[in-house]
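Undergrad: Contents of my_file.cif (mmCIF, C-alpha atoms; chains and numbers go by the auth columns) are given next:
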```
data_upload
loop_
_atom_site.group_PDB
_atom_site.id
_atom_site.type_symbol
_atom_site.label_atom_id
_atom_site.label_comp_id
_atom_site.label_asym_id
_atom_site.label_seq_id
_atom_site.Cartn_x
_atom_site.Cartn_y
_atom_site.Cartn_z
_atom_site.B_iso_or_equiv
_atom_site.auth_seq_id
_atom_site.auth_asym_id
ATOM 1 C CA LEU A 1 -8.467 -7.143 15.292 0.00 117 M
ATOM 2 C CA PHE A 2 -9.890 -3.603 15.571 0.00 118 M
ATOM 3 C CA ARG A 3 -11.233 -1.880 18.643 0.00 119 M
ATOM 4 C CA PRO A 4 -15.028 -1.554 18.287 0.00 120 M
ATOM 5 C CA ASP A 5 -15.029 2.113 19.373 0.00 121 M
ATOM 6 C CA ASN A 6 -12.520 2.948 16.613 0.00 122 M
ATOM 7 C CA PHE A 7 -15.040 2.467 13.814 0.00 123 M
ATOM 8 C CA VAL A 8 -16.284 5.694 12.239 0.00 124 M
ATOM 9 C CA PHE A 9 -19.015 5.576 9.621 0.00 125 M
ATOM 10 C CA GLY A 10 -21.506 7.871 7.956 0.00 126 M
ATOM 11 C CA GLN A 11 -25.035 7.311 6.706 0.00 127 M
ATOM 12 C CA THR A 12 -24.312 8.097 3.054 0.00 128 M
ATOM 13 C CA GLY A 13 -21.667 7.058 0.531 0.00 129 M
ATOM 14 C CA ALA A 14 -19.507 9.168 -1.726 0.00 130 M
ATOM 15 C CA GLY A 15 -21.026 7.595 -4.846 0.00 131 M
ATOM 16 C CA ASN A 16 -17.645 7.212 -6.590 0.00 132 M
ATOM 17 C CA ASN A 17 -17.386 10.995 -6.591 0.00 133 M
ATOM 18 C CA TRP A 18 -13.992 12.311 -5.440 0.00 134 M
ATOM 19 C CA ALA A 19 -15.324 15.783 -4.599 0.00 135 M
ATOM 20 C CA LYS A 20 -18.049 14.299 -2.373 0.00 136 M
ATOM 21 C CA GLY A 21 -15.462 12.305 -0.425 0.00 137 M
ATOM 22 C CA HIS A 22 -13.014 15.204 -0.180 0.00 138 M
ATOM 23 C CA TYR A 23 -15.241 18.241 0.315 0.00 139 M
ATOM 24 C CA THR A 24 -18.765 17.292 1.460 0.00 140 M
ATOM 25 C CA GLU A 25 -19.558 13.816 2.833 0.00 141 M
ATOM 26 C CA GLY A 26 -15.957 13.097 3.914 0.00 142 M
ATOM 27 C CA ALA A 27 -15.390 16.560 5.377 0.00 143 M
ATOM 28 C CA GLU A 28 -18.360 16.028 7.740 0.00 144 M
ATOM 29 C CA LEU A 29 -16.779 12.873 9.167 0.00 145 M
ATOM 30 C CA ILE A 30 -13.151 13.910 9.223 0.00 146 M
ATOM 31 C CA ASP A 31 -13.185 15.450 12.714 0.00 147 M
ATOM 32 C CA SER A 32 -14.472 12.276 14.361 0.00 148 M
ATOM 33 C CA VAL A 33 -11.877 10.254 12.410 0.00 149 M
ATOM 34 C CA LEU A 34 -9.068 12.564 13.577 0.00 150 M
ATOM 35 C CA ASP A 35 -10.382 12.218 17.117 0.00 151 M
ATOM 36 C CA VAL A 36 -9.948 8.433 16.950 0.00 152 M
ATOM 37 C CA VAL A 37 -6.489 8.870 15.373 0.00 153 M
ATOM 38 C CA ARG A 38 -5.459 11.261 18.152 0.00 154 M
ATOM 39 C CA LYS A 39 -6.570 8.841 20.883 0.00 155 M
ATOM 40 C CA GLU A 40 -4.546 6.025 19.301 0.00 156 M
ATOM 41 C CA ALA A 41 -1.517 8.304 18.829 0.00 157 M
ATOM 42 C CA GLU A 42 -1.644 9.365 22.482 0.00 158 M
ATOM 43 C CA GLY A 43 -1.442 5.709 23.504 0.00 159 M
ATOM 44 C CA CYS A 44 1.881 5.251 21.662 0.00 160 M
ATOM 45 C CA ASP A 45 5.306 5.564 23.312 0.00 161 M
ATOM 46 C CA CYS A 46 7.286 6.331 20.183 0.00 162 M
ATOM 47 C CA MET A 47 5.041 6.628 17.167 0.00 163 M
ATOM 48 C CA GLN A 48 6.900 6.381 13.857 0.00 164 M
ATOM 49 C CA GLY A 49 4.096 7.261 11.510 0.00 165 M
ATOM 50 C CA PHE A 50 0.832 6.289 9.879 0.00 166 M
ATOM 51 C CA GLN A 51 -0.209 3.673 7.352 0.00 167 M
ATOM 52 C CA LEU A 52 -3.288 4.183 5.215 0.00 168 M
ATOM 53 C CA CYS A 53 -4.846 1.499 3.008 0.00 169 M
ATOM 54 C CA HIS A 54 -7.170 2.932 0.397 0.00 170 M
ATOM 55 C CA SER A 55 -8.152 2.714 -3.244 0.00 171 M
ATOM 56 C CA LEU A 56 -7.819 5.611 -5.657 0.00 172 M
ATOM 57 C CA GLY A 57 -10.697 4.609 -7.940 0.00 173 M
ATOM 58 C CA GLY A 58 -13.731 5.352 -5.782 0.00 174 M
ATOM 59 C CA GLY A 59 -14.993 8.378 -3.895 0.00 175 M
ATOM 60 C CA THR A 60 -14.340 7.474 -0.266 0.00 176 M
ATOM 61 C CA GLY A 61 -10.870 5.905 -0.446 0.00 177 M
ATOM 62 C CA ALA A 62 -9.658 8.496 -2.935 0.00 178 M
ATOM 63 C CA GLY A 63 -11.490 11.638 -1.807 0.00 179 M
ATOM 64 C CA MET A 64 -11.789 11.139 1.923 0.00 180 M
ATOM 65 C CA GLY A 65 -8.576 9.079 2.087 0.00 181 M
ATOM 66 C CA THR A 66 -6.500 11.941 0.684 0.00 182 M
ATOM 67 C CA LEU A 67 -8.328 14.435 2.920 0.00 183 M
ATOM 68 C CA LEU A 68 -7.354 12.298 5.918 0.00 184 M
ATOM 69 C CA VAL A 69 -3.732 12.167 4.706 0.00 185 M
ATOM 70 C CA SER A 70 -3.541 15.961 4.471 0.00 186 M
ATOM 71 C CA LYS A 71 -5.233 16.510 7.870 0.00 187 M
ATOM 72 C CA VAL A 72 -2.969 13.982 9.613 0.00 188 M
ATOM 73 C CA ARG A 73 0.037 15.625 7.937 0.00 189 M
ATOM 74 C CA GLU A 74 -1.089 19.003 9.339 0.00 190 M
ATOM 75 C CA GLU A 75 -1.454 17.597 12.842 0.00 191 M
ATOM 76 C CA TYR A 76 1.677 15.381 12.860 0.00 192 M
ATOM 77 C CA PRO A 77 4.108 17.061 10.424 0.00 193 M
ATOM 78 C CA ASP A 78 7.169 15.219 11.773 0.00 194 M
ATOM 79 C CA ARG A 79 5.724 11.685 11.430 0.00 195 M
ATOM 80 C CA ILE A 80 6.030 9.467 8.362 0.00 196 M
ATOM 81 C CA MET A 81 2.889 9.054 6.230 0.00 197 M
ATOM 82 C CA GLU A 82 2.849 5.774 4.321 0.00 198 M
ATOM 83 C CA THR A 83 0.013 4.717 2.009 0.00 199 M
ATOM 84 C CA PHE A 84 -0.895 1.449 0.313 0.00 200 M
ATOM 85 C CA SER A 85 -2.881 2.719 -2.648 0.00 201 M
ATOM 86 C CA VAL A 86 -4.870 0.476 -4.996 0.00 202 M
ATOM 87 C CA ILE A 87 -4.757 2.236 -8.360 0.00 203 M
ATOM 88 C CA PRO A 88 -7.420 1.638 -11.031 0.00 204 M
ATOM 89 C CA SER A 89 -6.560 -0.279 -14.193 0.00 205 M
ATOM 90 C CA PRO A 90 -8.455 -0.321 -17.507 0.00 206 M
ATOM 91 C CA LYS A 91 -8.852 -4.127 -17.645 0.00 207 M
ATOM 92 C CA VAL A 92 -10.338 -4.486 -14.155 0.00 208 M
ATOM 93 C CA SER A 93 -12.620 -1.493 -13.927 0.00 209 M
ATOM 94 C CA ASP A 94 -16.069 -1.164 -12.413 0.00 210 M
ATOM 95 C CA THR A 95 -16.507 2.620 -12.518 0.00 211 M
ATOM 96 C CA VAL A 96 -16.232 4.952 -15.471 0.00 212 M
ATOM 97 C CA VAL A 97 -14.834 7.857 -13.392 0.00 213 M
ATOM 98 C CA GLU A 98 -11.907 5.897 -11.875 0.00 214 M
ATOM 99 C CA PRO A 99 -9.216 7.765 -13.896 0.00 215 M
ATOM 100 C CA TYR A 100 -10.514 11.166 -12.703 0.00 216 M
ATOM 101 C CA ASN A 101 -10.602 10.065 -9.059 0.00 217 M
ATOM 102 C CA ALA A 102 -7.065 8.681 -9.368 0.00 218 M
ATOM 103 C CA VAL A 103 -5.628 11.824 -10.993 0.00 219 M
ATOM 104 C CA LEU A 104 -7.169 14.055 -8.312 0.00 220 M
ATOM 105 C CA SER A 105 -5.806 11.754 -5.592 0.00 221 M
ATOM 106 C CA PHE A 106 -2.277 11.594 -6.970 0.00 222 M
ATOM 107 C CA HIS A 107 -1.944 15.351 -6.692 0.00 223 M
ATOM 108 C CA GLN A 108 -2.717 15.040 -2.958 0.00 224 M
ATOM 109 C CA LEU A 109 -0.384 12.066 -2.455 0.00 225 M
ATOM 110 C CA VAL A 110 2.503 13.832 -4.220 0.00 226 M
ATOM 111 C CA GLU A 111 2.199 16.698 -1.750 0.00 227 M
ATOM 112 C CA ASN A 112 1.250 14.972 1.506 0.00 228 M
ATOM 113 C CA SER A 113 2.506 11.392 1.595 0.00 229 M
ATOM 114 C CA ASP A 114 6.094 10.257 2.317 0.00 230 M
ATOM 115 C CA GLU A 115 5.900 6.741 0.864 0.00 231 M
ATOM 116 C CA SER A 116 3.190 5.321 -1.391 0.00 232 M
ATOM 117 C CA PHE A 117 3.181 1.636 -2.310 0.00 233 M
ATOM 118 C CA LEU A 118 1.137 1.183 -5.477 0.00 234 M
ATOM 119 C CA LEU A 119 -0.932 -1.941 -6.069 0.00 235 M
ATOM 120 C CA ASP A 120 -3.421 -2.638 -8.808 0.00 236 M
ATOM 121 C CA ASN A 121 -6.135 -5.214 -9.322 0.00 237 M
ATOM 122 C CA GLU A 122 -5.063 -6.063 -12.877 0.00 238 M
ATOM 123 C CA ALA A 123 -1.615 -7.197 -11.734 0.00 239 M
ATOM 124 C CA LEU A 124 -3.090 -9.060 -8.745 0.00 240 M
ATOM 125 C CA TYR A 125 -5.572 -10.918 -11.000 0.00 241 M
ATOM 126 C CA ASP A 126 -2.716 -11.755 -13.396 0.00 242 M
ATOM 127 C CA ILE A 127 -0.695 -13.224 -10.514 0.00 243 M
ATOM 128 C CA CYS A 128 -3.721 -15.314 -9.465 0.00 244 M
ATOM 129 C CA PHE A 129 -4.387 -16.594 -13.008 0.00 245 M
ATOM 130 C CA ARG A 130 -0.854 -17.130 -14.302 0.00 246 M
ATOM 131 C CA THR A 131 1.294 -17.892 -11.279 0.00 247 M
ATOM 132 C CA LEU A 132 -1.109 -19.332 -8.720 0.00 248 M
ATOM 133 C CA LYS A 133 -3.334 -21.025 -11.381 0.00 249 M
ATOM 134 C CA LEU A 134 -6.572 -19.924 -9.688 0.00 250 M
ATOM 135 C CA THR A 135 -9.455 -20.027 -12.182 0.00 251 M
ATOM 136 C CA THR A 136 -11.872 -17.794 -10.239 0.00 252 M
ATOM 137 C CA PRO A 137 -9.879 -15.613 -7.829 0.00 253 M
ATOM 138 C CA THR A 138 -11.921 -13.925 -5.097 0.00 254 M
ATOM 139 C CA TYR A 139 -11.203 -10.643 -3.339 0.00 255 M
ATOM 140 C CA GLY A 140 -9.926 -12.829 -0.494 0.00 256 M
ATOM 141 C CA ASP A 141 -7.196 -14.176 -2.794 0.00 257 M
ATOM 142 C CA LEU A 142 -6.245 -10.655 -3.905 0.00 258 M
ATOM 143 C CA ASN A 143 -6.211 -9.449 -0.300 0.00 259 M
ATOM 144 C CA HIS A 144 -3.954 -12.378 0.604 0.00 260 M
ATOM 145 C CA LEU A 145 -1.371 -11.115 -1.912 0.00 261 M
ATOM 146 C CA VAL A 146 -1.683 -7.516 -0.718 0.00 262 M
ATOM 147 C CA SER A 147 -1.347 -8.549 2.930 0.00 263 M
ATOM 148 C CA ALA A 148 1.763 -10.592 2.091 0.00 264 M
ATOM 149 C CA ALA A 149 3.344 -7.517 0.489 0.00 265 M
ATOM 150 C CA MET A 150 2.301 -5.274 3.382 0.00 266 M
ATOM 151 C CA SER A 151 3.667 -7.625 6.019 0.00 267 M
ATOM 152 C CA GLY A 152 6.896 -7.895 4.003 0.00 268 M
ATOM 153 C CA VAL A 153 7.318 -4.126 3.945 0.00 269 M
ATOM 154 C CA THR A 154 6.691 -3.805 7.677 0.00 270 M
ATOM 155 C CA CYS A 155 8.415 -6.995 8.920 0.00 271 M
ATOM 156 C CA CYS A 156 11.649 -5.130 9.648 0.00 272 M
ATOM 157 C CA LEU A 157 9.724 -2.951 12.106 0.00 273 M
ATOM 158 C CA ARG A 158 8.173 -5.916 13.887 0.00 274 M
ATOM 159 C CA PHE A 159 10.998 -8.446 14.111 0.00 275 M
ATOM 160 C CA PRO A 160 14.681 -8.161 15.026 0.00 276 M
ATOM 161 C CA GLY A 161 17.009 -8.323 12.038 0.00 277 M
ATOM 162 C CA GLN A 162 20.482 -7.517 10.773 0.00 278 M
ATOM 163 C CA LEU A 163 19.556 -4.369 8.879 0.00 279 M
ATOM 164 C CA ASN A 164 16.728 -3.101 10.976 0.00 280 M
ATOM 165 C CA CYS A 165 15.016 -0.275 9.166 0.00 281 M
ATOM 166 C CA ASP A 166 12.087 1.800 10.326 0.00 282 M
ATOM 167 C CA LEU A 167 9.603 3.759 8.225 0.00 283 M
ATOM 168 C CA ARG A 168 11.933 6.756 8.084 0.00 284 M
ATOM 169 C CA LYS A 169 14.929 4.669 7.015 0.00 285 M
ATOM 170 C CA ILE A 170 12.909 3.155 4.176 0.00 286 M
ATOM 171 C CA ALA A 171 12.051 6.682 3.021 0.00 287 M
ATOM 172 C CA VAL A 172 15.648 7.897 3.356 0.00 288 M
ATOM 173 C CA ASN A 173 16.959 4.989 1.284 0.00 289 M
ATOM 174 C CA LEU A 174 14.226 4.908 -1.346 0.00 290 M
ATOM 175 C CA VAL A 175 13.186 8.508 -2.002 0.00 291 M
ATOM 176 C CA PRO A 176 15.745 10.388 -4.140 0.00 292 M
ATOM 177 C CA PHE A 177 13.533 13.477 -4.526 0.00 293 M
ATOM 178 C CA PRO A 178 10.714 14.280 -2.074 0.00 294 M
ATOM 179 C CA ARG A 179 7.952 14.190 -4.690 0.00 295 M
ATOM 180 C CA LEU A 180 9.136 10.902 -6.205 0.00 296 M
ATOM 181 C CA HIS A 181 7.946 8.543 -3.496 0.00 297 M
ATOM 182 C CA PHE A 182 5.813 6.040 -5.423 0.00 298 M
ATOM 183 C CA PHE A 183 7.031 2.456 -5.180 0.00 299 M
ATOM 184 C CA MET A 184 6.230 -0.727 -7.080 0.00 300 M
ATOM 185 C CA THR A 185 6.145 -3.797 -4.884 0.00 301 M
ATOM 186 C CA GLY A 186 7.362 -7.184 -6.030 0.00 302 M
ATOM 187 C CA PHE A 187 6.928 -10.288 -3.877 0.00 303 M
ATOM 188 C CA ALA A 188 8.493 -13.752 -3.912 0.00 304 M
ATOM 189 C CA PRO A 189 7.802 -16.608 -3.471 0.00 305 M
ATOM 190 C CA LEU A 190 4.122 -16.362 -4.462 0.00 306 M
ATOM 191 C CA THR A 191 1.834 -18.972 -2.911 0.00 307 M
ATOM 192 C CA SER A 192 -1.952 -19.180 -2.822 0.00 308 M
ATOM 193 C CA ARG A 193 -3.932 -19.063 0.405 0.00 309 M
ATOM 194 C CA GLY A 194 -4.588 -22.765 0.971 0.00 310 M
ATOM 195 C CA SER A 195 -1.364 -24.020 -0.608 0.00 311 M
ATOM 196 C CA GLN A 196 0.722 -26.467 1.403 0.00 312 M
ATOM 197 C CA GLN A 197 3.374 -26.965 -1.288 0.00 313 M
ATOM 198 C CA TYR A 198 6.680 -25.249 -0.694 0.00 314 M
ATOM 199 C CA ARG A 199 9.923 -25.401 -2.631 0.00 315 M
ATOM 200 C CA ALA A 200 13.238 -24.378 -1.115 0.00 316 M
ATOM 201 C CA LEU A 201 14.595 -21.390 -3.029 0.00 317 M
ATOM 202 C CA THR A 202 18.119 -20.033 -3.017 0.00 318 M
ATOM 203 C CA VAL A 203 18.776 -16.337 -2.397 0.00 319 M
ATOM 204 C CA PRO A 204 19.681 -15.608 -6.069 0.00 320 M
ATOM 205 C CA GLU A 205 16.448 -17.333 -7.198 0.00 321 M
ATOM 206 C CA LEU A 206 14.392 -15.288 -4.757 0.00 322 M
ATOM 207 C CA THR A 207 16.046 -12.062 -5.883 0.00 323 M
ATOM 208 C CA GLN A 208 15.512 -12.971 -9.547 0.00 324 M
ATOM 209 C CA GLN A 209 11.810 -13.651 -8.910 0.00 325 M
ATOM 210 C CA MET A 210 11.383 -10.500 -6.870 0.00 326 M
ATOM 211 C CA PHE A 211 12.440 -8.252 -9.763 0.00 327 M
ATOM 212 C CA ASP A 212 10.466 -10.242 -12.352 0.00 328 M
ATOM 213 C CA ALA A 213 7.608 -8.337 -14.024 0.00 329 M
ATOM 214 C CA LYS A 214 5.260 -11.289 -13.294 0.00 330 M
ATOM 215 C CA ASN A 215 5.789 -10.804 -9.556 0.00 331 M
ATOM 216 C CA MET A 216 5.076 -7.062 -9.538 0.00 332 M
ATOM 217 C CA MET A 217 1.859 -5.963 -7.867 0.00 333 M
ATOM 218 C CA CYS A 218 1.179 -3.166 -10.287 0.00 334 M
ATOM 219 C CA ALA A 219 0.815 -3.729 -14.009 0.00 335 M
ATOM 220 C CA ALA A 220 3.872 -1.844 -15.233 0.00 336 M
ATOM 221 C CA ASP A 221 6.798 -3.612 -16.839 0.00 337 M
ATOM 222 C CA PRO A 222 9.978 -2.671 -14.948 0.00 338 M
ATOM 223 C CA ARG A 223 12.079 -3.654 -17.998 0.00 339 M
ATOM 224 C CA HIS A 224 10.834 -0.553 -19.845 0.00 340 M
ATOM 225 C CA GLY A 225 12.576 2.066 -17.771 0.00 341 M
ATOM 226 C CA ARG A 226 15.169 2.618 -15.073 0.00 342 M
ATOM 227 C CA TYR A 227 15.220 1.973 -11.357 0.00 343 M
ATOM 228 C CA LEU A 228 16.128 5.108 -9.419 0.00 344 M
ATOM 229 C CA THR A 229 16.275 3.138 -6.174 0.00 345 M
ATOM 230 C CA ALA A 230 15.440 -0.387 -5.063 0.00 346 M
ATOM 231 C CA ALA A 231 15.258 -2.084 -1.684 0.00 347 M
ATOM 232 C CA ALA A 232 15.117 -5.809 -1.023 0.00 348 M
ATOM 233 C CA LEU A 233 13.644 -6.978 2.278 0.00 349 M
ATOM 234 C CA PHE A 234 14.293 -10.631 3.103 0.00 350 M
ATOM 235 C CA ARG A 235 12.665 -12.723 5.823 0.00 351 M
ATOM 236 C CA GLY A 236 13.961 -15.905 7.361 0.00 352 M
ATOM 237 C CA ARG A 237 17.333 -17.456 8.083 0.00 353 M
ATOM 238 C CA MET A 238 19.918 -15.926 5.782 0.00 354 M
ATOM 239 C CA SER A 239 23.057 -13.842 6.001 0.00 355 M
ATOM 240 C CA THR A 240 23.843 -10.507 4.377 0.00 356 M
ATOM 241 C CA LYS A 241 26.891 -12.151 2.748 0.00 357 M
ATOM 242 C CA GLU A 242 24.563 -14.105 0.457 0.00 358 M
#
```
Write the structure described by the file as structure tokens, please.
TA:
Amino acid sequence: LFRPDNFVFGQTGAGNNWAKGHYTEGAELIDSVLDVVRKEAEGCDCMQGFQLCHSLGGGTGAGMGTLLVSKVREEYPDRIMETFSVIPSPKVSDTVVEPYNAVLSFHQLVENSDESFLLDNEALYDICFRTLKLTTPTYGDLNHLVSAAMSGVTCCLRFPGQLNCDLRKIAVNLVPFPRLHFFMTGFAPLTSRGSQQYRALTVPELTQQMFDAKNMMCAADPRHGRYLTAAALFRGRMSTKE
């Protein structure tokens, strides 16, 4: 899946400390990371942008992740920067300093990212317990949900379709003000990893499910508030008339 010479790693960790990831441990590694990024970028014919998967609760994903975002933005100012950010939640927390790391990271993402898709473990666990009826969900099950959402967001780049949108089009349609680029992702239909059971759903049913709070991948209830923008990405055989 990944080229072996693209792995970059250090000898120490950031110890859940944002400043270590952003200013000390991460800053030592950032040049070799940018080197790998540059080599990959040079191999592209028409590069649209970058996707970063990271968490905002720890030191490395939050501190070094946001450092990488700002450095890549400096080097490629005209390319889209898209992040899939796992935000901490009080119910599923393993580190006491998660809120601090997240607040420090959000400041960086507001300034340097173009599109941020927010996910959180609490909502993913809820989906596993309530919808998929898994009694002991593993990280593999959570990752399955995240990967389904990620592939849904990027499927219009990878397959031909009626309304083919690229990373920039998504940003143009979804970002009303440059600093307001944080999206909730909803996904339907939800199925567990090993599940072979499928039920045919109509387009209205799918749309209804997609906007349901139970299908959202971050634990915020969309009924308490307003949508500024929304985009629905469908896969499969269907027409825009539906």
Undergrad: Taking the file as shown, what set of residues would the PyMOL selection byres ((chain M and resi 160-174) around 7) give back, as a PyMOL selection string?
TA: chain M and resi 132-134+156-159+175-178+181+195-204+214-215+217-218+221+283
Undergrad: Which distance in Å separates atom CA of Leu240 of chain M and atom CA of Phe298 of chain M, to one decimal?
TA: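 Between atom CA of Leu240 of chain M and atom CA of Phe298 of chain M the gap is 17.8 Å.
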Undergrad: Please list as a PyMOL selection string every residue within 12 Å of Thr254 of chain M, counting all atoms listed in the file and excluding residues in the same chain fewer than 2 positions away.
TA: chain M and resi 237+240-241+244-245+250-252+256-261+308-309
Undergrad: Take the PyMOL selection byres ((chain M and resi 140) around 12), apply it to the structure above, and return the hits as a PDB file with C-alpha atoms, in the frame of the given file.
TA:
```pdb
ATOM      1  CA  GLY M 126     -21.506   7.871   7.956  1.00  0.00           C
ATOM      2  CA  THR M 128     -24.312   8.097   3.054  1.00  0.00           C
ATOM      3  CA  GLY M 129     -21.667   7.058   0.531  1.00  0.00           C
ATOM      4  CA  ALA M 130     -19.507   9.168  -1.726  1.00  0.00           C
ATOM      5  CA  GLY M 131     -21.026   7.595  -4.846  1.00  0.00           C
ATOM      6  CA  ASN M 133     -17.386  10.995  -6.591  1.00  0.00           C
ATOM      7  CA  TRP M 134     -13.992  12.311  -5.440  1.00  0.00           C
ATOM      8  CA  ALA M 135     -15.324  15.783  -4.599  1.00  0.00           C
ATOM      9  CA  LYS M 136     -18.049  14.299  -2.373  1.00  0.00           C
ATOM     10  CA  GLY M 137     -15.462  12.305  -0.425  1.00  0.00           C
ATOM     11  CA  HIS M 138     -13.014  15.204  -0.180  1.00  0.00           C
ATOM     12  CA  TYR M 139     -15.241  18.241   0.315  1.00  0.00           C
ATOM     13  CA  GLU M 141     -19.558  13.816   2.833  1.00  0.00           C
ATOM     14  CA  GLY M 142     -15.957  13.097   3.914  1.00  0.00           C
ATOM     15  CA  ALA M 143     -15.390  16.560   5.377  1.00  0.00           C
ATOM     16  CA  GLU M 144     -18.360  16.028   7.740  1.00  0.00           C
ATOM     17  CA  LEU M 145     -16.779  12.873   9.167  1.00  0.00           C
ATOM     18  CA  ILE M 146     -13.151  13.910   9.223  1.00  0.00           C
ATOM     19  CA  GLY M 175     -14.993   8.378  -3.895  1.00  0.00           C
ATOM     20  CA  THR M 176     -14.340   7.474  -0.266  1.00  0.00           C
ATOM     21  CA  GLY M 179     -11.490  11.638  -1.807  1.00  0.00           C
ATOM     22  CA  MET M 180     -11.789  11.139   1.923  1.00  0.00           C
ATOM     23  CA  LEU M 183      -8.328  14.435   2.920  1.00  0.00           C
TER      24      LEU M 183
END
```
Undergrad: So how far away is atom CA of Thr323 of chain M from atom CA of Gly277 of chain M, in Å?
TA: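 Value for the atom CA of Gly277 of chain M-atom CA of Thr323 of chain M distance: 18.3 Å.
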Undergrad: Which value, in Å to one decimal, gives the distance between atom CA of Val262 of chain M and atom CA of Asp236 of chain M?
TA: 9.6 Å
Undergrad: Take the PyMOL selection byres ((chain M and resi 344) around 10), apply it to the structure above, and return the hits as a PDB file with C-alpha atoms, in the coordinates of the input.
TA:
```pdb
ATOM      1  CA  LEU M 290      14.226   4.908  -1.346  1.00  0.00           C
ATOM      2  CA  VAL M 291      13.186   8.508  -2.002  1.00  0.00           C
ATOM      3  CA  PRO M 292      15.745  10.388  -4.140  1.00  0.00           C
ATOM      4  CA  LEU M 296       9.136  10.902  -6.205  1.00  0.00           C
ATOM      5  CA  GLY M 341      12.576   2.066 -17.771  1.00  0.00           C
ATOM      6  CA  ARG M 342      15.169   2.618 -15.073  1.00  0.00           C
ATOM      7  CA  TYR M 343      15.220   1.973 -11.357  1.00  0.00           C
ATOM      8  CA  THR M 345      16.275   3.138  -6.174  1.00  0.00           C
ATOM      9  CA  ALA M 346      15.440  -0.387  -5.063  1.00  0.00           C
TER      10      ALA M 346
END
```
Undergrad: With distances taken over all atoms listed in the file, which residue among M:Val319, M:Met333, M:Leu117, M:Met300 lies nearest Lys357 of chain M?
TA: M:Val319
Undergrad: Could you check which of M:Val152, M:Ala304, M:Ala316, M:Val185 is closest to Val124 of chain M, using all atoms listed in the file?
TA: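 The shortest atom-to-atom distance to Val124 of chain M comes from M:Val152.
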Undergrad: Determine, counting only C-alpha atoms, every residue of protein, DNA or RNA that lies within 10 Å of (8.1, 10.1, -5.1) in the file coordinates, then give the result as a list of chain:residue names.
TA: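 Checked against the point, the hits come out as M:Leu225, M:Val226, M:Glu227, M:Ser229, M:Asp230, M:Glu231, M:Ser232, M:Ala287, M:Leu290, M:Val291, M:Pro292, M:Phe293, M:Pro294, M:Arg295, M:Leu296, M:His297, M:Phe298, M:Phe299.
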Undergrad: Just want the 8 Å neighbourhood of segment 347-355 of chain M, counted on all atoms listed in the file, with same-chain residues fewer than 6 positions away dropped. Output as a PyMOL selection string.
TA: chain M and resi 268-269+271-272+289-290+323
Undergrad: Please identify all polymer residues within 8 Å of Met326 of chain M, counting only C-alpha atoms, omitting same-chain residues fewer than 3 positions from it, and present them as JSON, numbers by chain.
TA: {"M": [302, 303, 304, 305, 322, 323, 331, 332]}
Undergrad: Kindly list the centre and edge lengths in Å, rounded to one decimal, for the axis-aligned box that covers all listed atoms of segment 225-239 of chain M plus 6 Å on each of its six sides, as AutoDock Vina command-line options.
TA:
```
--center_x 0.0 --center_y 4.8 --center_z -5.3 --size_x 24.2 --size_y 35.9 --size_z 27.2
```
Undergrad: In terms of the shortest atom-to-atom distance over only C-alpha atoms, which of M:Gln127, M:Phe275, M:Val188, M:Phe118 is closest to Asp147 of chain M?
TA: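 Smallest separation from Asp147 of chain M among the options: M:Val188.
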Undergrad: Could you name the residues that touch Ser186 of chain M at 7 Å or less, counting only C-alpha atoms, but leaving out those on the same chain fewer than 4 positions away, as a list of chain:residue names?
TA: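 After dropping sequence-adjacent residues, the list is M:Thr182, M:Glu190, M:Asn228.
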Undergrad: Using only C-alpha atoms, can you tell me which of M:Ser209, M:Ser263, M:Thr301, M:Gln325 comes closest to Phe233 of chain M?
TA: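 Result for the nearest residue to Phe233 of chain M: M:Thr301.
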Undergrad: Since the input lacks atoms, please generate N, CA and C atoms for segment 257-265 of chain M and provide them as an mmCIF file, keeping the file's coordinate frame.
TA:
```cif
data_model
loop_
_atom_site.group_PDB
_atom_site.id
_atom_site.type_symbol
_atom_site.label_atom_id
_atom_site.label_comp_id
_atom_site.auth_asym_id
_atom_site.auth_seq_id
_atom_site.Cartn_x
_atom_site.Cartn_y
_atom_site.Cartn_z
ATOM 1 N N ASP M 257 -8.493 -13.786 -2.218
ATOM 2 C CA ASP M 257 -7.196 -14.176 -2.794
ATOM 3 C C ASP M 257 -6.339 -12.946 -3.090
ATOM 4 N N LEU M 258 -6.986 -11.891 -3.612
ATOM 5 C CA LEU M 258 -6.245 -10.655 -3.905
ATOM 6 C C LEU M 258 -5.737 -10.039 -2.604
ATOM 7 N N ASN M 259 -6.605 -10.030 -1.592
ATOM 8 C CA ASN M 259 -6.211 -9.449 -0.300
ATOM 9 C C ASN M 259 -5.064 -10.232 0.330
ATOM 10 N N HIS M 260 -5.044 -11.549 0.079
ATOM 11 C CA HIS M 260 -3.954 -12.378 0.604
ATOM 12 C C HIS M 260 -2.614 -11.906 0.034
ATOM 13 N N LEU M 261 -2.604 -11.600 -1.276
ATOM 14 C CA LEU M 261 -1.371 -11.115 -1.912
ATOM 15 C C LEU M 261 -0.970 -9.749 -1.362
ATOM 16 N N VAL M 262 -1.966 -8.865 -1.231
ATOM 17 C CA VAL M 262 -1.683 -7.516 -0.718
ATOM 18 C C VAL M 262 -1.150 -7.599 0.707
ATOM 19 N N SER M 263 -1.774 -8.458 1.526
ATOM 20 C CA SER M 263 -1.347 -8.549 2.930
ATOM 21 C C SER M 263 0.059 -9.136 3.023
ATOM 22 N N ALA M 264 0.398 -10.044 2.102
ATOM 23 C CA ALA M 264 1.763 -10.592 2.091
ATOM 24 C C ALA M 264 2.770 -9.481 1.797
ATOM 25 N N ALA M 265 2.439 -8.622 0.828
ATOM 26 C CA ALA M 265 3.344 -7.517 0.489
ATOM 27 C C ALA M 265 3.442 -6.527 1.643
#
```
